[in-house]
$ cat run23.cif   # mmCIF, C-alpha atoms
data_final
loop_
_atom_site.label_atom_id
_atom_site.label_comp_id
_atom_site.auth_asym_id
_atom_site.auth_seq_id
_atom_site.Cartn_x
_atom_site.Cartn_y
_atom_site.Cartn_z
CA MET A 1 11.51 -45.09 37.22
CA ASP A 2 7.73 -44.83 37.20
CA ASP A 3 7.12 -44.61 40.88
CA ALA A 4 6.67 -41.19 42.54
CA GLN A 5 8.21 -42.59 45.74
CA ALA A 6 11.29 -43.70 43.81
CA PHE A 7 11.66 -40.18 42.41
CA ARG A 8 11.38 -38.68 45.92
CA ASP A 9 14.15 -41.06 47.00
CA LEU A 10 16.27 -39.96 44.02
CA TYR A 11 15.68 -36.32 44.94
CA ARG A 12 16.65 -36.83 48.59
CA ALA A 13 19.74 -38.83 47.66
CA HIS A 14 21.15 -36.45 45.03
CA TYR A 15 19.79 -32.96 45.68
CA ARG A 16 22.82 -31.95 47.78
CA THR A 17 25.21 -33.37 45.15
CA VAL A 18 23.58 -31.25 42.45
CA CYS A 19 23.67 -28.17 44.73
CA ARG A 20 27.38 -28.72 45.53
CA TYR A 21 28.07 -28.96 41.80
CA LEU A 22 26.21 -25.71 41.18
CA VAL A 23 27.65 -23.73 44.12
CA VAL A 24 31.04 -23.68 42.44
CA ARG A 25 29.63 -22.65 39.07
CA ALA A 26 26.76 -20.28 39.78
CA ASP A 27 25.79 -17.26 41.83
CA ALA A 28 24.37 -18.21 45.20
CA ASP A 29 20.92 -16.91 44.28
CA LEU A 30 20.75 -19.28 41.30
CA VAL A 31 21.80 -22.55 42.94
CA GLU A 32 18.45 -23.68 44.33
CA ASP A 33 16.52 -22.50 41.26
CA VAL A 34 18.79 -24.39 38.88
CA ALA A 35 18.75 -27.49 41.12
CA ALA A 36 14.94 -27.40 41.14
CA GLU A 37 14.92 -27.02 37.36
CA THR A 38 17.32 -29.96 37.07
CA PHE A 39 15.02 -32.21 39.06
CA LEU A 40 12.02 -30.97 37.07
CA VAL A 41 13.76 -32.19 33.90
CA ALA A 42 14.54 -35.47 35.69
CA TRP A 43 10.85 -35.84 36.65
CA ARG A 44 9.73 -35.24 33.08
CA ARG A 45 12.23 -37.80 31.78
CA ARG A 46 11.97 -40.20 34.68
CA SER A 47 11.27 -43.13 32.35
CA GLN A 48 14.51 -42.39 30.44
CA LEU A 49 16.91 -41.95 33.39
CA PRO A 50 20.09 -44.05 33.16
CA ASP A 51 21.22 -46.46 35.85
CA HIS A 52 24.09 -44.14 36.83
CA VAL A 53 21.97 -41.07 37.38
CA VAL A 54 24.48 -38.70 39.05
CA PRO A 55 26.47 -37.88 35.88
CA TRP A 56 23.19 -37.38 34.03
CA LEU A 57 21.90 -35.05 36.77
CA LEU A 58 25.13 -33.02 36.76
CA ASN A 59 25.07 -32.73 32.96
CA THR A 60 21.45 -31.62 33.13
CA ALA A 61 22.32 -29.11 35.87
CA ALA A 62 25.07 -27.66 33.63
CA LYS A 63 22.59 -27.27 30.78
CA CYS A 64 19.97 -25.70 33.06
CA LEU A 65 22.62 -23.29 34.38
CA ALA A 66 23.59 -22.33 30.83
CA ASN A 67 19.92 -21.67 30.05
CA GLN A 68 19.63 -19.46 33.15
CA ARG A 69 22.73 -17.49 32.14
CA ARG A 70 21.45 -16.96 28.60
CA SER A 71 18.11 -15.88 29.99
CA ARG A 72 19.76 -13.38 32.31
CA GLN A 73 21.95 -12.07 29.49
CA ARG A 74 18.90 -11.57 27.27
CA ALA A 75 17.10 -9.80 30.10
CA ALA A 76 20.11 -7.54 30.74
CA ALA A 77 20.41 -6.77 27.02
CA LEU A 78 16.70 -5.94 26.91
CA VAL A 79 17.06 -3.63 29.90
CA GLU A 80 19.99 -1.88 28.20
CA ARG A 81 18.05 -1.47 24.95
CA LEU A 82 15.03 -0.15 26.83
CA ALA A 83 17.21 2.21 28.84
CA ALA A 84 18.83 3.49 25.66
CA ALA A 85 15.45 3.88 23.97
CA THR A 86 14.04 5.62 27.01
CA ALA A 87 17.04 7.93 27.22
CA ALA A 88 16.74 8.73 23.55
CA GLY A 89 13.01 9.24 23.98
CA ALA A 90 13.57 11.44 26.99
CA THR A 91 16.07 13.51 25.04
CA TRP A 92 13.59 13.83 22.21
CA ILE A 93 10.85 14.84 24.64
CA GLU A 94 13.11 17.39 26.31
CA GLU A 95 14.09 18.85 22.95
CA ASP A 96 10.46 18.96 21.87
CA LEU A 97 9.46 20.72 25.08
CA ALA A 98 12.30 23.21 24.67
CA ARG A 99 11.23 23.93 21.07
CA ASP A 100 7.62 24.42 22.19
CA ALA A 101 8.75 26.79 24.92
CA GLN A 102 10.84 28.72 22.42
CA ARG A 103 7.90 28.93 20.00
CA ARG A 104 5.64 30.27 22.73
CA ALA A 105 8.29 32.77 23.79
CA LEU A 106 8.80 33.86 20.19
CA ALA A 107 5.05 34.34 19.73
CA VAL A 108 4.93 36.44 22.91
CA ALA A 109 7.98 38.44 21.79
CA LEU A 110 6.50 39.09 18.35
CA ALA A 111 3.17 40.10 19.84
CA GLY A 112 5.00 42.58 22.06
CA LEU A 113 6.66 44.34 19.11
CA GLY A 114 5.15 47.27 17.34
CA ASP A 115 3.22 46.72 14.11
CA ARG A 116 5.99 48.18 11.95
CA ASP A 117 8.68 45.93 13.46
CA ARG A 118 6.48 42.86 13.26
CA GLU A 119 5.62 43.57 9.60
CA LEU A 120 9.29 43.98 8.68
CA LEU A 121 10.32 40.75 10.45
CA VAL A 122 7.47 38.71 9.04
CA LEU A 123 8.19 39.88 5.50
CA ARG A 124 11.90 39.25 5.91
CA HIS A 125 11.95 35.96 7.86
CA TRP A 126 8.54 34.36 7.44
CA ASP A 127 7.94 35.24 3.82
CA GLY A 128 11.66 34.99 3.04
CA LEU A 129 11.93 38.27 1.19
CA ALA A 130 15.26 39.95 0.67
CA PRO A 131 15.60 43.49 2.09
CA ARG A 132 15.25 45.03 -1.39
CA GLU A 133 12.00 43.04 -1.88
CA VAL A 134 10.71 44.17 1.52
CA ALA A 135 11.57 47.70 0.44
CA ALA A 136 9.48 47.27 -2.69
CA VAL A 137 6.50 45.91 -0.72
CA LEU A 138 6.62 48.76 1.80
CA GLU A 139 7.62 51.40 -0.76
CA LEU A 140 10.75 52.33 1.18
CA THR A 141 14.40 52.54 0.22
CA PRO A 142 16.48 49.34 0.66
CA VAL A 143 18.94 51.15 2.94
CA LEU A 144 16.13 52.29 5.24
CA VAL A 145 14.60 48.78 5.27
CA ARG A 146 17.94 47.14 6.20
CA THR A 147 18.37 49.61 9.05
CA ARG A 148 14.82 49.07 10.32
CA ILE A 149 15.13 45.27 10.04
CA HIS A 150 18.37 45.37 12.02
CA ARG A 151 16.73 47.44 14.77
CA ALA A 152 13.59 45.27 14.75
CA GLU A 153 15.74 42.13 15.08
CA ARG A 154 17.55 43.69 18.04
CA ARG A 155 14.23 44.52 19.74
CA LEU A 156 12.94 41.01 18.99
CA ARG A 157 16.07 39.45 20.55
CA GLN A 158 15.52 41.51 23.69
CA ALA A 159 11.81 40.64 23.82
CA LEU A 160 12.59 36.97 23.18
CA THR A 161 15.14 36.88 25.99
CA THR A 162 12.60 38.43 28.35
CA ALA A 163 9.84 36.03 27.26
CA LEU A 164 12.11 33.01 27.74
CA GLU A 165 13.16 34.19 31.18
CA ASP A 166 9.54 34.83 32.13
CA GLN A 167 8.54 31.26 31.30
CA ASP A 168 11.82 29.83 32.63
CA ALA A 169 12.45 28.09 29.31
CA PRO A 170 15.79 27.06 27.89
CA ARG A 171 17.42 29.88 26.00
CA PRO A 172 17.92 29.37 22.32
CA ARG A 173 21.49 28.60 21.38
CA ALA A 174 21.35 30.60 18.20
CA GLU A 175 20.69 34.15 17.34
CA LEU A 176 17.57 35.59 15.79
CA ALA A 177 17.72 33.71 12.47
CA GLU A 178 17.39 30.35 14.19
CA SER A 179 14.75 31.65 16.57
CA VAL A 180 12.73 32.92 13.68
CA SER A 181 13.10 29.56 11.94
CA LEU A 182 11.05 28.15 14.81
CA ILE A 183 8.12 30.19 13.60
CA GLU A 184 8.65 28.95 10.06
CA SER A 185 8.37 25.32 11.18
CA ALA A 186 5.31 25.96 13.35
#
$ encode --input "run23.cif" --output "structure tokens"
Amino acid sequence: MDDAQAFRDLYRAHYRTVCRYLVVRADADLVEDVAAETFLVAWRRRSQLPDHVVPWLLNTAAKCLANQRRSRQRAAALVERLAAATAAGATWIEEDLARDAQRRALAVALAGLGDRDRELLVLRHWDGLAPREVAAVLELTPVLVRTRIHRAERRLRQALTTALEDQDAPRPRAELAESVSLIESA
């Protein structure tokens, strides 16, 4: 079949047959697209078409429909992967924003403490010194240092709570030790 007019005649004669075949097997929105794709394949292979063209057209329509389904499945899988990646990314972003807010609140809370409290907490939590080592640095007794650290931690918790509420940030889930670890990772 080399003649364009002969192909138009083939199209007019069998287009409805191909569509009827597809209506039973495909979603309504796919029928015309797959039928058009079927006749595109027929046009490209017009010199190879058999004498009994209807079975060939229906077989080609089935293959085109399978290609459409695979394409839609790949697209759906891609959308799911992107949605999962976006959700994971959004979670990561939210967590990062919450950590930044907590760091800012902790900096504000520390700045609001007195020098003595801040020095005790920095030596204990930032520098990682044990209370007896802090006592040696400050030339105080270990019992006095533990008491002062406990009170400074309580004041820091209160100041941190206030700072977080002031900036409307998520509250830390942990107590002071985890909040202070935010400073260590900054």
$ atom_distance --input "run23.cif" --atom1 "CA of Asp166 in chain A" --atom2 "CA of Leu113 in chain A"
16.4 Å
$ residues_around --input "run23.cif" --residues "Thr162 in chain A" --least-positions-apart "4" --cutoff "10 Å" --atoms "all atoms listed in the file" --output "VMD selection string"
chain A and resid 105 108 to 109 156 to 158 166 to 168
$ closest_residue --input "run23.cif" --among "A:Arg72, A:Val53, A:Arg45, A:Leu140" --to "His14 in chain A" --atoms "only C-alpha atoms"
A:Val53
$ closest_residue --input "run23.cif" --among "A:Asp3, A:Glu37, A:Glu153, A:Asp100" --to "Ala66 in chain A" --atoms "all atoms listed in the file"
A:Glu37
$ axis_aligned_box --input "run23.cif" --around "range 104-117 of chain A" --padding-each-side "4 Å" --output "AutoDock Vina command-line options"
--center_x 6.0 --center_y 39.2 --center_z 17.9 --size_x 13.6 --size_y 25.9 --size_z 19.8
$ closest_residue --input "run23.cif" --among "A:Val18, A:Ile149, A:Arg124, A:Arg69" --to "Ala36 in chain A" --atoms "all atoms listed in the file"
A:Val18
$ resolve_selection --input "run23.cif" --expression "the PyMOL selection byres ((chain A and resi 4) around 12)" --output "PyMOL selection string"
chain A and resi 1-3+5-11+42-44+46-47
